[in-house]
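Trainee: First the structure, which I've put down as structure tokens, then a few questions once you've had a look.
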Amino acid sequence: MIPRVQAKADRGSTDGTAGKRTFPYNFEMEKIQSINSGRVIWACRDAGISTNELAAEVGISAATIERLVAGEGRLSYSQLAKLADFFGRGTLFFLDPAPIEESRMHSPEFRTLANMKPDLSPRVKALIKRVEKQRDIYLGLVEDLDDSIPNEFVWPEIPAGDIAGAARVARAWCGLGEQNSFDSYRKSLEAKGMLVFRSNGYNGKWQISKESPILAFSLVHTRCPVIVVKKTPWEAQQCFSLFHELGHLLLHRESSIDDEADMRATSGRERQANQFAGLLLVPDLFLARVSDASRPRGVEEFDAWLKPYRNTWGVSTEVILRRLLDVGRLSAGTYAAYRQWRESTPFVEADGGTRLYRHREPRHMFGDAFVRTVFDALSARNITLAKASTYLDGLKLKDLHQLERHIAGV
């Protein structure tokens, strides 16, 4: 059973331990005394960080954290909220006096990802939990709006053992046209009942750090599967990551977390997901339009040669070359030469950018389906402005109204 999100009150974490208990604290008090230190200690151990590291991450003094885990400290509500947000849990999780029940602390999907990549950073682990919570918020808001979401997600019928056939079915299922971008691909999956999140490019709780090799992960779910793609300088890479994850969901019906090595794998399930993504993005009909006769001699000219196709299909040069290689129209040596040239060509990343369009960031991160649902719930008075802000990455009131106008096309 999916935990129901109450739109007008925060019930806390999604691990099933928070209910309707009355906790012995008053939010109006300056400091909260009833924090369960055992849960703070468990959360640190689970995330693989020390109390000093926790203090640095959440901006609370190490001495305060030390007193807290010793059962002698207090936190303001804003400090507790920072701590809870870092661990991807609700504040009530740390106010619950009950002892930890290990079997209920993580979803099966989270455990799957953690087992696949045992060295996941605390930030990535927290992000996975945050995504699960955001999905549950979305489902709760939809239910409160009386919109219908099937009790079971309707998966397309994929032919077993036939990657090419699976890609054809999936492309038709998504209703894809010939000209696409990350946004159009995302909308096609949202239309089927999925959520697609993209990590924030700025440092923050929704970012997969630039140093992390993780490029995407997916969470299988009975009602609303979720795919999370890392924001990178290349949108084509994000498109490939998106459909690599869809491959895992459709072919293997399992959650997955993938790094750069997985996206280049040549064996096993990762190879199958790569083949699926390539065939879906560049089907045979598209590939037939690429003229071998016009192929330049130098691999350094391949990007210019394939630019019209790349821009139309929302793919990289490498994806097209890989498809040509797979069908025997390109030699392995030429493909390797292009890879070597590309990797030796320095990429100059743009400076930090600007946050003049801060109000648009939730749409970039969570997609239209999630953002519109939040505004529909706000319009129906199912949630407050404060809740809407919380669900949309803490937008300030001014930015919230700007985003609403942006969504409405005003």
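As shown in the structure tokens, the chain order sets the letters A, B, ...; within each chain, residues go from 1, and ligands are also counted from 1 in the order they appear.
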Check the DSSP output for the backbone and give back, as a PDB file with N, CA and C atoms, in the first residue's frame, the residues of region 231-379 of chain A in helix (DSSP H, G or I).
Mentor:
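So the final result, stored in part-v4.pdb, reads:
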ATOM      1  N   GLU A 235      22.636  17.566 -23.640  1.00  0.00           N
ATOM      2  CA  GLU A 235      21.267  17.074 -23.547  1.00  0.00           C
ATOM      3  C   GLU A 235      21.127  15.706 -24.206  1.00  0.00           C
ATOM      4  N   ALA A 236      21.893  15.459 -25.269  1.00  0.00           N
ATOM      5  CA  ALA A 236      21.817  14.162 -25.941  1.00  0.00           C
ATOM      6  C   ALA A 236      22.188  13.032 -24.989  1.00  0.00           C
ATOM      7  N   GLN A 237      23.155  13.272 -24.128  1.00  0.00           N
ATOM      8  CA  GLN A 237      23.533  12.266 -23.140  1.00  0.00           C
ATOM      9  C   GLN A 237      22.387  12.015 -22.171  1.00  0.00           C
ATOM     10  N   GLN A 238      21.683  13.067 -21.795  1.00  0.00           N
ATOM     11  CA  GLN A 238      20.542  12.913 -20.901  1.00  0.00           C
ATOM     12  C   GLN A 238      19.432  12.092 -21.566  1.00  0.00           C
ATOM     13  N   CYS A 239      19.231  12.298 -22.859  1.00  0.00           N
ATOM     14  CA  CYS A 239      18.219  11.517 -23.589  1.00  0.00           C
ATOM     15  C   CYS A 239      18.581  10.033 -23.595  1.00  0.00           C
ATOM     16  N   PHE A 240      19.860   9.742 -23.844  1.00  0.00           N
ATOM     17  CA  PHE A 240      20.285   8.351 -23.863  1.00  0.00           C
ATOM     18  C   PHE A 240      20.123   7.729 -22.477  1.00  0.00           C
ATOM     19  N   SER A 241      20.515   8.468 -21.434  1.00  0.00           N
ATOM     20  CA  SER A 241      20.369   7.960 -20.066  1.00  0.00           C
ATOM     21  C   SER A 241      18.911   7.669 -19.758  1.00  0.00           C
ATOM     22  N   LEU A 242      18.024   8.549 -20.211  1.00  0.00           N
ATOM     23  CA  LEU A 242      16.587   8.364 -19.979  1.00  0.00           C
ATOM     24  C   LEU A 242      16.103   7.038 -20.548  1.00  0.00           C
ATOM     25  N   PHE A 243      16.480   6.739 -21.788  1.00  0.00           N
ATOM     26  CA  PHE A 243      15.969   5.520 -22.412  1.00  0.00           C
ATOM     27  C   PHE A 243      16.768   4.277 -22.015  1.00  0.00           C
ATOM     28  N   HIS A 244      17.987   4.468 -21.548  1.00  0.00           N
ATOM     29  CA  HIS A 244      18.710   3.346 -20.935  1.00  0.00           C
ATOM     30  C   HIS A 244      17.925   2.869 -19.709  1.00  0.00           C
ATOM     31  N   GLU A 245      17.479   3.837 -18.894  1.00  0.00           N
ATOM     32  CA  GLU A 245      16.700   3.473 -17.700  1.00  0.00           C
ATOM     33  C   GLU A 245      15.353   2.879 -18.081  1.00  0.00           C
ATOM     34  N   LEU A 246      14.718   3.435 -19.113  1.00  0.00           N
ATOM     35  CA  LEU A 246      13.452   2.847 -19.564  1.00  0.00           C
ATOM     36  C   LEU A 246      13.668   1.405 -20.008  1.00  0.00           C
ATOM     37  N   GLY A 247      14.814   1.145 -20.613  1.00  0.00           N
ATOM     38  CA  GLY A 247      15.148  -0.223 -21.008  1.00  0.00           C
ATOM     39  C   GLY A 247      15.158  -1.160 -19.820  1.00  0.00           C
ATOM     40  N   HIS A 248      15.773  -0.722 -18.714  1.00  0.00           N
ATOM     41  CA  HIS A 248      15.774  -1.570 -17.512  1.00  0.00           C
ATOM     42  C   HIS A 248      14.347  -1.808 -17.019  1.00  0.00           C
ATOM     43  N   LEU A 249      13.530  -0.767 -17.024  1.00  0.00           N
ATOM     44  CA  LEU A 249      12.160  -0.908 -16.522  1.00  0.00           C
ATOM     45  C   LEU A 249      11.328  -1.845 -17.400  1.00  0.00           C
ATOM     46  N   LEU A 250      11.440  -1.677 -18.710  1.00  0.00           N
ATOM     47  CA  LEU A 250      10.605  -2.472 -19.613  1.00  0.00           C
ATOM     48  C   LEU A 250      11.153  -3.871 -19.848  1.00  0.00           C
ATOM     49  N   LEU A 251      12.463  -3.986 -20.016  1.00  0.00           N
ATOM     50  CA  LEU A 251      13.051  -5.296 -20.314  1.00  0.00           C
ATOM     51  C   LEU A 251      13.210  -6.164 -19.076  1.00  0.00           C
ATOM     52  N   HIS A 252      13.594  -5.521 -17.974  1.00  0.00           N
ATOM     53  CA  HIS A 252      13.976  -6.286 -16.788  1.00  0.00           C
ATOM     54  C   HIS A 252      13.018  -6.124 -15.616  1.00  0.00           C
ATOM     55  N   ASP A 262      28.452   1.836 -17.042  1.00  0.00           N
ATOM     56  CA  ASP A 262      27.264   1.073 -17.438  1.00  0.00           C
ATOM     57  C   ASP A 262      26.739   1.523 -18.798  1.00  0.00           C
ATOM     58  N   MET A 263      26.858   2.822 -19.076  1.00  0.00           N
ATOM     59  CA  MET A 263      26.351   3.348 -20.346  1.00  0.00           C
ATOM     60  C   MET A 263      27.224   2.938 -21.538  1.00  0.00           C
ATOM     61  N   ARG A 264      28.363   2.338 -21.245  1.00  0.00           N
ATOM     62  CA  ARG A 264      29.253   1.858 -22.311  1.00  0.00           C
ATOM     63  C   ARG A 264      29.434   0.343 -22.261  1.00  0.00           C
ATOM     64  N   GLY A 268      25.856  -8.335 -20.779  1.00  0.00           N
ATOM     65  CA  GLY A 268      24.857  -8.415 -19.730  1.00  0.00           C
ATOM     66  C   GLY A 268      23.682  -7.474 -19.913  1.00  0.00           C
ATOM     67  N   ARG A 269      23.006  -7.203 -18.823  1.00  0.00           N
ATOM     68  CA  ARG A 269      21.796  -6.388 -18.859  1.00  0.00           C
ATOM     69  C   ARG A 269      22.087  -4.940 -19.241  1.00  0.00           C
ATOM     70  N   GLU A 270      23.266  -4.455 -18.892  1.00  0.00           N
ATOM     71  CA  GLU A 270      23.604  -3.078 -19.266  1.00  0.00           C
ATOM     72  C   GLU A 270      23.731  -2.960 -20.786  1.00  0.00           C
ATOM     73  N   ARG A 271      24.300  -3.969 -21.424  1.00  0.00           N
ATOM     74  CA  ARG A 271      24.394  -3.962 -22.890  1.00  0.00           C
ATOM     75  C   ARG A 271      22.991  -3.985 -23.499  1.00  0.00           C
ATOM     76  N   GLN A 272      22.099  -4.789 -22.933  1.00  0.00           N
ATOM     77  CA  GLN A 272      20.729  -4.837 -23.436  1.00  0.00           C
ATOM     78  C   GLN A 272      20.049  -3.470 -23.327  1.00  0.00           C
ATOM     79  N   ALA A 273      20.241  -2.793 -22.187  1.00  0.00           N
ATOM     80  CA  ALA A 273      19.641  -1.465 -22.007  1.00  0.00           C
ATOM     81  C   ALA A 273      20.247  -0.463 -22.985  1.00  0.00           C
ATOM     82  N   ASN A 274      21.546  -0.596 -23.254  1.00  0.00           N
ATOM     83  CA  ASN A 274      22.188   0.290 -24.228  1.00  0.00           C
ATOM     84  C   ASN A 274      21.656   0.048 -25.639  1.00  0.00           C
ATOM     85  N   GLN A 275      21.532  -1.218 -26.011  1.00  0.00           N
ATOM     86  CA  GLN A 275      20.982  -1.553 -27.327  1.00  0.00           C
ATOM     87  C   GLN A 275      19.556  -1.026 -27.469  1.00  0.00           C
ATOM     88  N   PHE A 276      18.765  -1.219 -26.436  1.00  0.00           N
ATOM     89  CA  PHE A 276      17.379  -0.747 -26.441  1.00  0.00           C
ATOM     90  C   PHE A 276      17.325   0.756 -26.658  1.00  0.00           C
ATOM     91  N   ALA A 277      18.148   1.504 -25.913  1.00  0.00           N
ATOM     92  CA  ALA A 277      18.141   2.963 -26.036  1.00  0.00           C
ATOM     93  C   ALA A 277      18.553   3.401 -27.436  1.00  0.00           C
ATOM     94  N   GLY A 278      19.603   2.777 -27.985  1.00  0.00           N
ATOM     95  CA  GLY A 278      20.064   3.136 -29.318  1.00  0.00           C
ATOM     96  C   GLY A 278      19.028   2.861 -30.388  1.00  0.00           C
ATOM     97  N   LEU A 279      18.366   1.696 -30.304  1.00  0.00           N
ATOM     98  CA  LEU A 279      17.359   1.325 -31.298  1.00  0.00           C
ATOM     99  C   LEU A 279      16.102   2.179 -31.184  1.00  0.00           C
ATOM    100  N   LEU A 280      15.752   2.572 -29.965  1.00  0.00           N
ATOM    101  CA  LEU A 280      14.575   3.414 -29.796  1.00  0.00           C
ATOM    102  C   LEU A 280      14.838   4.833 -30.299  1.00  0.00           C
ATOM    103  N   LEU A 281      16.020   5.368 -29.988  1.00  0.00           N
ATOM    104  CA  LEU A 281      16.356   6.730 -30.388  1.00  0.00           C
ATOM    105  C   LEU A 281      16.627   6.847 -31.885  1.00  0.00           C
ATOM    106  N   ASP A 284      15.714   1.899 -37.418  1.00  0.00           N
ATOM    107  CA  ASP A 284      16.270   1.610 -38.750  1.00  0.00           C
ATOM    108  C   ASP A 284      15.826   2.627 -39.799  1.00  0.00           C
ATOM    109  N   LEU A 285      14.563   3.067 -39.711  1.00  0.00           N
ATOM    110  CA  LEU A 285      14.051   4.041 -40.668  1.00  0.00           C
ATOM    111  C   LEU A 285      14.865   5.328 -40.645  1.00  0.00           C
ATOM    112  N   PHE A 286      15.256   5.759 -39.442  1.00  0.00           N
ATOM    113  CA  PHE A 286      16.075   6.966 -39.311  1.00  0.00           C
ATOM    114  C   PHE A 286      17.485   6.714 -39.836  1.00  0.00           C
ATOM    115  N   LEU A 287      18.028   5.548 -39.475  1.00  0.00           N
ATOM    116  CA  LEU A 287      19.412   5.246 -39.832  1.00  0.00           C
ATOM    117  C   LEU A 287      19.587   5.193 -41.348  1.00  0.00           C
ATOM    118  N   VAL A 299      37.664  11.727 -38.714  1.00  0.00           N
ATOM    119  CA  VAL A 299      36.670  11.557 -37.653  1.00  0.00           C
ATOM    120  C   VAL A 299      36.353  12.882 -36.974  1.00  0.00           C
ATOM    121  N   GLU A 300      37.281  13.840 -37.055  1.00  0.00           N
ATOM    122  CA  GLU A 300      37.036  15.144 -36.447  1.00  0.00           C
ATOM    123  C   GLU A 300      35.923  15.909 -37.166  1.00  0.00           C
ATOM    124  N   GLU A 301      35.511  15.430 -38.329  1.00  0.00           N
ATOM    125  CA  GLU A 301      34.422  16.072 -39.080  1.00  0.00           C
ATOM    126  C   GLU A 301      33.088  15.345 -38.908  1.00  0.00           C
ATOM    127  N   PHE A 302      33.076  14.267 -38.136  1.00  0.00           N
ATOM    128  CA  PHE A 302      31.849  13.486 -37.979  1.00  0.00           C
ATOM    129  C   PHE A 302      30.732  14.284 -37.300  1.00  0.00           C
ATOM    130  N   ASP A 303      31.092  15.109 -36.319  1.00  0.00           N
ATOM    131  CA  ASP A 303      30.060  15.880 -35.612  1.00  0.00           C
ATOM    132  C   ASP A 303      29.307  16.796 -36.576  1.00  0.00           C
ATOM    133  N   ALA A 304      30.055  17.467 -37.452  1.00  0.00           N
ATOM    134  CA  ALA A 304      29.421  18.360 -38.432  1.00  0.00           C
ATOM    135  C   ALA A 304      28.587  17.556 -39.429  1.00  0.00           C
ATOM    136  N   TRP A 305      29.101  16.391 -39.838  1.00  0.00           N
ATOM    137  CA  TRP A 305      28.394  15.531 -40.794  1.00  0.00           C
ATOM    138  C   TRP A 305      27.031  15.097 -40.252  1.00  0.00           C
ATOM    139  N   LEU A 306      26.996  14.749 -38.972  1.00  0.00           N
ATOM    140  CA  LEU A 306      25.771  14.193 -38.392  1.00  0.00           C
ATOM    141  C   LEU A 306      24.935  15.217 -37.631  1.00  0.00           C
ATOM    142  N   LYS A 307      25.346  16.475 -37.657  1.00  0.00           N
ATOM    143  CA  LYS A 307      24.649  17.504 -36.885  1.00  0.00           C
ATOM    144  C   LYS A 307      23.158  17.595 -37.196  1.00  0.00           C
ATOM    145  N   PRO A 308      22.739  17.605 -38.472  1.00  0.00           N
ATOM    146  CA  PRO A 308      21.286  17.712 -38.747  1.00  0.00           C
ATOM    147  C   PRO A 308      20.481  16.586 -38.109  1.00  0.00           C
ATOM    148  N   TYR A 309      21.030  15.367 -38.135  1.00  0.00           N
ATOM    149  CA  TYR A 309      20.334  14.236 -37.533  1.00  0.00           C
ATOM    150  C   TYR A 309      20.331  14.346 -36.001  1.00  0.00           C
ATOM    151  N   ARG A 310      21.469  14.742 -35.457  1.00  0.00           N
ATOM    152  CA  ARG A 310      21.572  14.881 -33.998  1.00  0.00           C
ATOM    153  C   ARG A 310      20.543  15.880 -33.476  1.00  0.00           C
ATOM    154  N   ASN A 311      20.456  17.013 -34.134  1.00  0.00           N
ATOM    155  CA  ASN A 311      19.546  18.058 -33.677  1.00  0.00           C
ATOM    156  C   ASN A 311      18.079  17.639 -33.782  1.00  0.00           C
ATOM    157  N   THR A 312      17.763  16.880 -34.810  1.00  0.00           N
ATOM    158  CA  THR A 312      16.376  16.450 -35.006  1.00  0.00           C
ATOM    159  C   THR A 312      15.990  15.344 -34.043  1.00  0.00           C
ATOM    160  N   TRP A 313      16.861  14.372 -33.847  1.00  0.00           N
ATOM    161  CA  TRP A 313      16.520  13.194 -33.050  1.00  0.00           C
ATOM    162  C   TRP A 313      16.858  13.341 -31.571  1.00  0.00           C
ATOM    163  N   THR A 317      26.401  12.172 -31.596  1.00  0.00           N
ATOM    164  CA  THR A 317      27.102  11.558 -32.725  1.00  0.00           C
ATOM    165  C   THR A 317      27.440  10.111 -32.413  1.00  0.00           C
ATOM    166  N   GLU A 318      27.865   9.866 -31.189  1.00  0.00           N
ATOM    167  CA  GLU A 318      28.293   8.513 -30.825  1.00  0.00           C
ATOM    168  C   GLU A 318      27.149   7.504 -30.924  1.00  0.00           C
ATOM    169  N   VAL A 319      25.938   7.900 -30.561  1.00  0.00           N
ATOM    170  CA  VAL A 319      24.799   6.977 -30.657  1.00  0.00           C
ATOM    171  C   VAL A 319      24.552   6.584 -32.111  1.00  0.00           C
ATOM    172  N   ILE A 320      24.624   7.564 -32.999  1.00  0.00           N
ATOM    173  CA  ILE A 320      24.413   7.255 -34.423  1.00  0.00           C
ATOM    174  C   ILE A 320      25.535   6.361 -34.944  1.00  0.00           C
ATOM    175  N   LEU A 321      26.775   6.680 -34.587  1.00  0.00           N
ATOM    176  CA  LEU A 321      27.908   5.864 -35.034  1.00  0.00           C
ATOM    177  C   LEU A 321      27.809   4.446 -34.492  1.00  0.00           C
ATOM    178  N   ARG A 322      27.362   4.316 -33.269  1.00  0.00           N
ATOM    179  CA  ARG A 322      27.230   2.989 -32.672  1.00  0.00           C
ATOM    180  C   ARG A 322      26.184   2.168 -33.434  1.00  0.00           C
ATOM    181  N   ARG A 323      25.105   2.833 -33.827  1.00  0.00           N
ATOM    182  CA  ARG A 323      24.089   2.126 -34.621  1.00  0.00           C
ATOM    183  C   ARG A 323      24.640   1.709 -35.985  1.00  0.00           C
ATOM    184  N   LEU A 324      25.429   2.594 -36.609  1.00  0.00           N
ATOM    185  CA  LEU A 324      26.055   2.250 -37.893  1.00  0.00           C
ATOM    186  C   LEU A 324      27.017   1.083 -37.725  1.00  0.00           C
ATOM    187  N   LEU A 325      27.731   1.065 -36.612  1.00  0.00           N
ATOM    188  CA  LEU A 325      28.653  -0.033 -36.325  1.00  0.00           C
ATOM    189  C   LEU A 325      27.888  -1.345 -36.161  1.00  0.00           C
ATOM    190  N   ASP A 326      26.775  -1.294 -35.423  1.00  0.00           N
ATOM    191  CA  ASP A 326      26.018  -2.512 -35.145  1.00  0.00           C
ATOM    192  C   ASP A 326      25.428  -3.140 -36.403  1.00  0.00           C
ATOM    193  N   ALA A 332      34.848  -1.048 -36.780  1.00  0.00           N
ATOM    194  CA  ALA A 332      35.161  -0.870 -35.362  1.00  0.00           C
ATOM    195  C   ALA A 332      36.334   0.086 -35.189  1.00  0.00           C
ATOM    196  N   GLY A 333      37.277   0.050 -36.121  1.00  0.00           N
ATOM    197  CA  GLY A 333      38.440   0.944 -36.041  1.00  0.00           C
ATOM    198  C   GLY A 333      38.055   2.403 -36.181  1.00  0.00           C
ATOM    199  N   THR A 334      37.133   2.695 -37.105  1.00  0.00           N
ATOM    200  CA  THR A 334      36.689   4.078 -37.293  1.00  0.00           C
ATOM    201  C   THR A 334      35.905   4.563 -36.078  1.00  0.00           C
ATOM    202  N   TYR A 335      35.076   3.680 -35.557  1.00  0.00           N
ATOM    203  CA  TYR A 335      34.307   4.046 -34.356  1.00  0.00           C
ATOM    204  C   TYR A 335      35.253   4.340 -33.186  1.00  0.00           C
ATOM    205  N   ALA A 336      36.263   3.480 -33.015  1.00  0.00           N
ATOM    206  CA  ALA A 336      37.230   3.675 -31.932  1.00  0.00           C
ATOM    207  C   ALA A 336      38.031   4.960 -32.138  1.00  0.00           C
ATOM    208  N   ALA A 337      38.346   5.267 -33.384  1.00  0.00           N
ATOM    209  CA  ALA A 337      39.102   6.492 -33.679  1.00  0.00           C
ATOM    210  C   ALA A 337      38.289   7.732 -33.309  1.00  0.00           C
ATOM    211  N   TYR A 338      36.987   7.684 -33.607  1.00  0.00           N
ATOM    212  CA  TYR A 338      36.145   8.820 -33.225  1.00  0.00           C
ATOM    213  C   TYR A 338      36.099   8.952 -31.708  1.00  0.00           C
ATOM    214  N   ARG A 339      35.908   7.839 -31.007  1.00  0.00           N
ATOM    215  CA  ARG A 339      35.866   7.869 -29.549  1.00  0.00           C
ATOM    216  C   ARG A 339      37.148   8.465 -28.986  1.00  0.00           C
ATOM    217  N   GLN A 340      38.284   8.043 -29.534  1.00  0.00           N
ATOM    218  CA  GLN A 340      39.566   8.540 -29.050  1.00  0.00           C
ATOM    219  C   GLN A 340      39.698  10.041 -29.312  1.00  0.00           C
ATOM    220  N   TRP A 341      39.265  10.472 -30.495  1.00  0.00           N
ATOM    221  CA  TRP A 341      39.336  11.902 -30.808  1.00  0.00           C
ATOM    222  C   TRP A 341      38.429  12.710 -29.890  1.00  0.00           C
ATOM    223  N   ARG A 342      37.219  12.219 -29.675  1.00  0.00           N
ATOM    224  CA  ARG A 342      36.271  12.940 -28.823  1.00  0.00           C
ATOM    225  C   ARG A 342      36.786  13.066 -27.396  1.00  0.00           C
ATOM    226  N   GLU A 343      37.343  11.976 -26.880  1.00  0.00           N
ATOM    227  CA  GLU A 343      37.825  11.993 -25.501  1.00  0.00           C
ATOM    228  C   GLU A 343      39.072  12.851 -25.327  1.00  0.00           C
ATOM    229  N   SER A 344      39.806  13.049 -26.411  1.00  0.00           N
ATOM    230  CA  SER A 344      41.018  13.884 -26.323  1.00  0.00           C
ATOM    231  C   SER A 344      40.733  15.357 -26.590  1.00  0.00           C
ATOM    232  N   ARG A 358      15.196  31.397 -11.723  1.00  0.00           N
ATOM    233  CA  ARG A 358      15.050  30.487 -10.599  1.00  0.00           C
ATOM    234  C   ARG A 358      13.652  29.848 -10.585  1.00  0.00           C
ATOM    235  N   HIS A 359      12.643  30.623 -10.977  1.00  0.00           N
ATOM    236  CA  HIS A 359      11.277  30.113 -10.914  1.00  0.00           C
ATOM    237  C   HIS A 359      11.042  28.950 -11.873  1.00  0.00           C
ATOM    238  N   ARG A 360      11.900  28.792 -12.884  1.00  0.00           N
ATOM    239  CA  ARG A 360      11.695  27.710 -13.845  1.00  0.00           C
ATOM    240  C   ARG A 360      12.361  26.393 -13.427  1.00  0.00           C
ATOM    241  N   GLU A 361      13.208  26.461 -12.442  1.00  0.00           N
ATOM    242  CA  GLU A 361      13.987  25.279 -12.078  1.00  0.00           C
ATOM    243  C   GLU A 361      13.129  24.081 -11.668  1.00  0.00           C
ATOM    244  N   PRO A 362      12.052  24.264 -10.873  1.00  0.00           N
ATOM    245  CA  PRO A 362      11.245  23.080 -10.535  1.00  0.00           C
ATOM    246  C   PRO A 362      10.672  22.383 -11.765  1.00  0.00           C
ATOM    247  N   ARG A 363      10.317  23.152 -12.782  1.00  0.00           N
ATOM    248  CA  ARG A 363       9.801  22.537 -14.011  1.00  0.00           C
ATOM    249  C   ARG A 363      10.894  21.739 -14.706  1.00  0.00           C
ATOM    250  N   HIS A 364      12.118  22.292 -14.739  1.00  0.00           N
ATOM    251  CA  HIS A 364      13.234  21.562 -15.342  1.00  0.00           C
ATOM    252  C   HIS A 364      13.531  20.286 -14.560  1.00  0.00           C
ATOM    253  N   MET A 365      13.413  20.350 -13.240  1.00  0.00           N
ATOM    254  CA  MET A 365      13.759  19.205 -12.408  1.00  0.00           C
ATOM    255  C   MET A 365      12.658  18.149 -12.365  1.00  0.00           C
ATOM    256  N   PHE A 366      11.418  18.585 -12.129  1.00  0.00           N
ATOM    257  CA  PHE A 366      10.343  17.632 -11.852  1.00  0.00           C
ATOM    258  C   PHE A 366       9.407  17.383 -13.028  1.00  0.00           C
ATOM    259  N   GLY A 367       9.457  18.216 -14.063  1.00  0.00           N
ATOM    260  CA  GLY A 367       8.610  18.028 -15.224  1.00  0.00           C
ATOM    261  C   GLY A 367       7.229  18.645 -15.049  1.00  0.00           C
ATOM    262  N   ASP A 368       6.517  18.748 -16.164  1.00  0.00           N
ATOM    263  CA  ASP A 368       5.202  19.399 -16.170  1.00  0.00           C
ATOM    264  C   ASP A 368       4.176  18.654 -15.321  1.00  0.00           C
ATOM    265  N   ALA A 369       4.169  17.337 -15.385  1.00  0.00           N
ATOM    266  CA  ALA A 369       3.140  16.562 -14.687  1.00  0.00           C
ATOM    267  C   ALA A 369       3.158  16.862 -13.190  1.00  0.00           C
ATOM    268  N   PHE A 370       4.337  16.845 -12.597  1.00  0.00           N
ATOM    269  CA  PHE A 370       4.435  17.089 -11.153  1.00  0.00           C
ATOM    270  C   PHE A 370       4.073  18.531 -10.824  1.00  0.00           C
ATOM    271  N   VAL A 371       4.662  19.488 -11.562  1.00  0.00           N
ATOM    272  CA  VAL A 371       4.454  20.909 -11.247  1.00  0.00           C
ATOM    273  C   VAL A 371       2.992  21.299 -11.429  1.00  0.00           C
ATOM    274  N   ARG A 372       2.370  20.862 -12.509  1.00  0.00           N
ATOM    275  CA  ARG A 372       0.958  21.204 -12.732  1.00  0.00           C
ATOM    276  C   ARG A 372       0.070  20.602 -11.650  1.00  0.00           C
ATOM    277  N   THR A 373       0.397  19.427 -11.191  1.00  0.00           N
ATOM    278  CA  THR A 373      -0.392  18.804 -10.131  1.00  0.00           C
ATOM    279  C   THR A 373      -0.314  19.615  -8.849  1.00  0.00           C
ATOM    280  N   VAL A 374       0.874  20.130  -8.526  1.00  0.00           N
ATOM    281  CA  VAL A 374       1.021  20.979  -7.335  1.00  0.00           C
ATOM    282  C   VAL A 374       0.150  22.222  -7.459  1.00  0.00           C
ATOM    283  N   PHE A 375       0.176  22.872  -8.618  1.00  0.00           N
ATOM    284  CA  PHE A 375      -0.627  24.082  -8.794  1.00  0.00           C
ATOM    285  C   PHE A 375      -2.128  23.772  -8.822  1.00  0.00           C
ATOM    286  N   ASP A 376      -2.501  22.624  -9.366  1.00  0.00           N
ATOM    287  CA  ASP A 376      -3.911  22.224  -9.334  1.00  0.00           C
ATOM    288  C   ASP A 376      -4.370  22.026  -7.886  1.00  0.00           C
ATOM    289  N   ALA A 377      -3.510  21.406  -7.079  1.00  0.00           N
ATOM    290  CA  ALA A 377      -3.840  21.199  -5.664  1.00  0.00           C
ATOM    291  C   ALA A 377      -3.925  22.525  -4.920  1.00  0.00           C
ATOM    292  N   LEU A 378      -3.048  23.461  -5.276  1.00  0.00           N
ATOM    293  CA  LEU A 378      -3.074  24.786  -4.661  1.00  0.00           C
ATOM    294  C   LEU A 378      -4.357  25.517  -5.048  1.00  0.00           C
ATOM    295  N   SER A 379      -4.719  25.456  -6.325  1.00  0.00           N
ATOM    296  CA  SER A 379      -5.935  26.111  -6.801  1.00  0.00           C
ATOM    297  C   SER A 379      -7.184  25.529  -6.144  1.00  0.00           C
TER     298      SER A 379
END
Trainee: Skip region 207-223 of chain A itself and residues of its chain fewer than 6 positions away, then list as a PyMOL selection string all residues within 7 Å of it, counting only C-alpha atoms.
Mentor: chain A and resi 109+124+150-153+199-201+229-230+241+245+249+253-260
Trainee: Can you list every residue of region 185-219 of chain A that has an atom at most 10 Å from region 382-396 of chain A, with its nearest atom pair and the distance in Å to one decimal, using only C-alpha atoms, ordered by chain then number, as JSON lines?
Mentor:
{"residue": "A:Gly204", "atom": "CA", "partner": "A:Asp393", "partner_atom": "CA", "distance": 9.7}
{"residue": "A:Lys205", "atom": "CA", "partner": "A:Asp393", "partner_atom": "CA", "distance": 8.8}
{"residue": "A:Trp206", "atom": "CA", "partner": "A:Asp393", "partner_atom": "CA", "distance": 8.4}
Trainee: Could you give me, as a PyMOL selection string, each residue of region 140-328 of chain A that DSSP assigns to strand (DSSP E or B) when run on this structure's backbone?
Mentor: chain A and resi 195-198+214-219+226-229+256-259
Trainee: Nearest residue to Val226 (chain A) out of A:Gln134, A:Asn203, A:Ser316, A:Ser184, using only C-alpha atoms?
Mentor: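 Nearest to Val226 (chain A): A:Gln134.
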Trainee: Provide the CA of Cys224 (chain A) to CA of Gly193 (chain A) distance in Å, to one decimal place.
Mentor: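 Taking CA of Cys224 (chain A) as the start and CA of Gly193 (chain A) as the end point, the length is 6.2 Å.
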Trainee: Counting only C-alpha atoms, what is within 7 Å of Ser188 (chain A), bar same-chain residues fewer than 4 positions away, as a ChimeraX atom specification?
Mentor: /A:174-175,184,192
Trainee: For Ile65 (chain A), find every residue with an atom within 10 Å (counting only C-alpha atoms), except residues of its own chain fewer than 6 positions away, and show them as a tab-separated table (two decimals) with C-alpha atoms, in the first residue's frame.
Mentor:
chain	number	residue	atom	x	y	z
A	37	SER	CA	18.95	10.66	19.29
A	40	VAL	CA	19.99	10.44	14.37
A	51	THR	CA	28.70	13.37	13.17
A	52	ASN	CA	31.34	15.91	12.16
A	54	LEU	CA	26.86	15.66	9.21
A	55	ALA	CA	27.48	18.97	10.97
A	71	GLY	CA	20.68	12.74	24.05
A	72	GLU	CA	21.33	16.12	25.63
A	73	GLY	CA	20.91	18.51	22.73
A	74	ARG	CA	18.13	20.58	21.24
A	75	LEU	CA	17.52	21.91	17.76
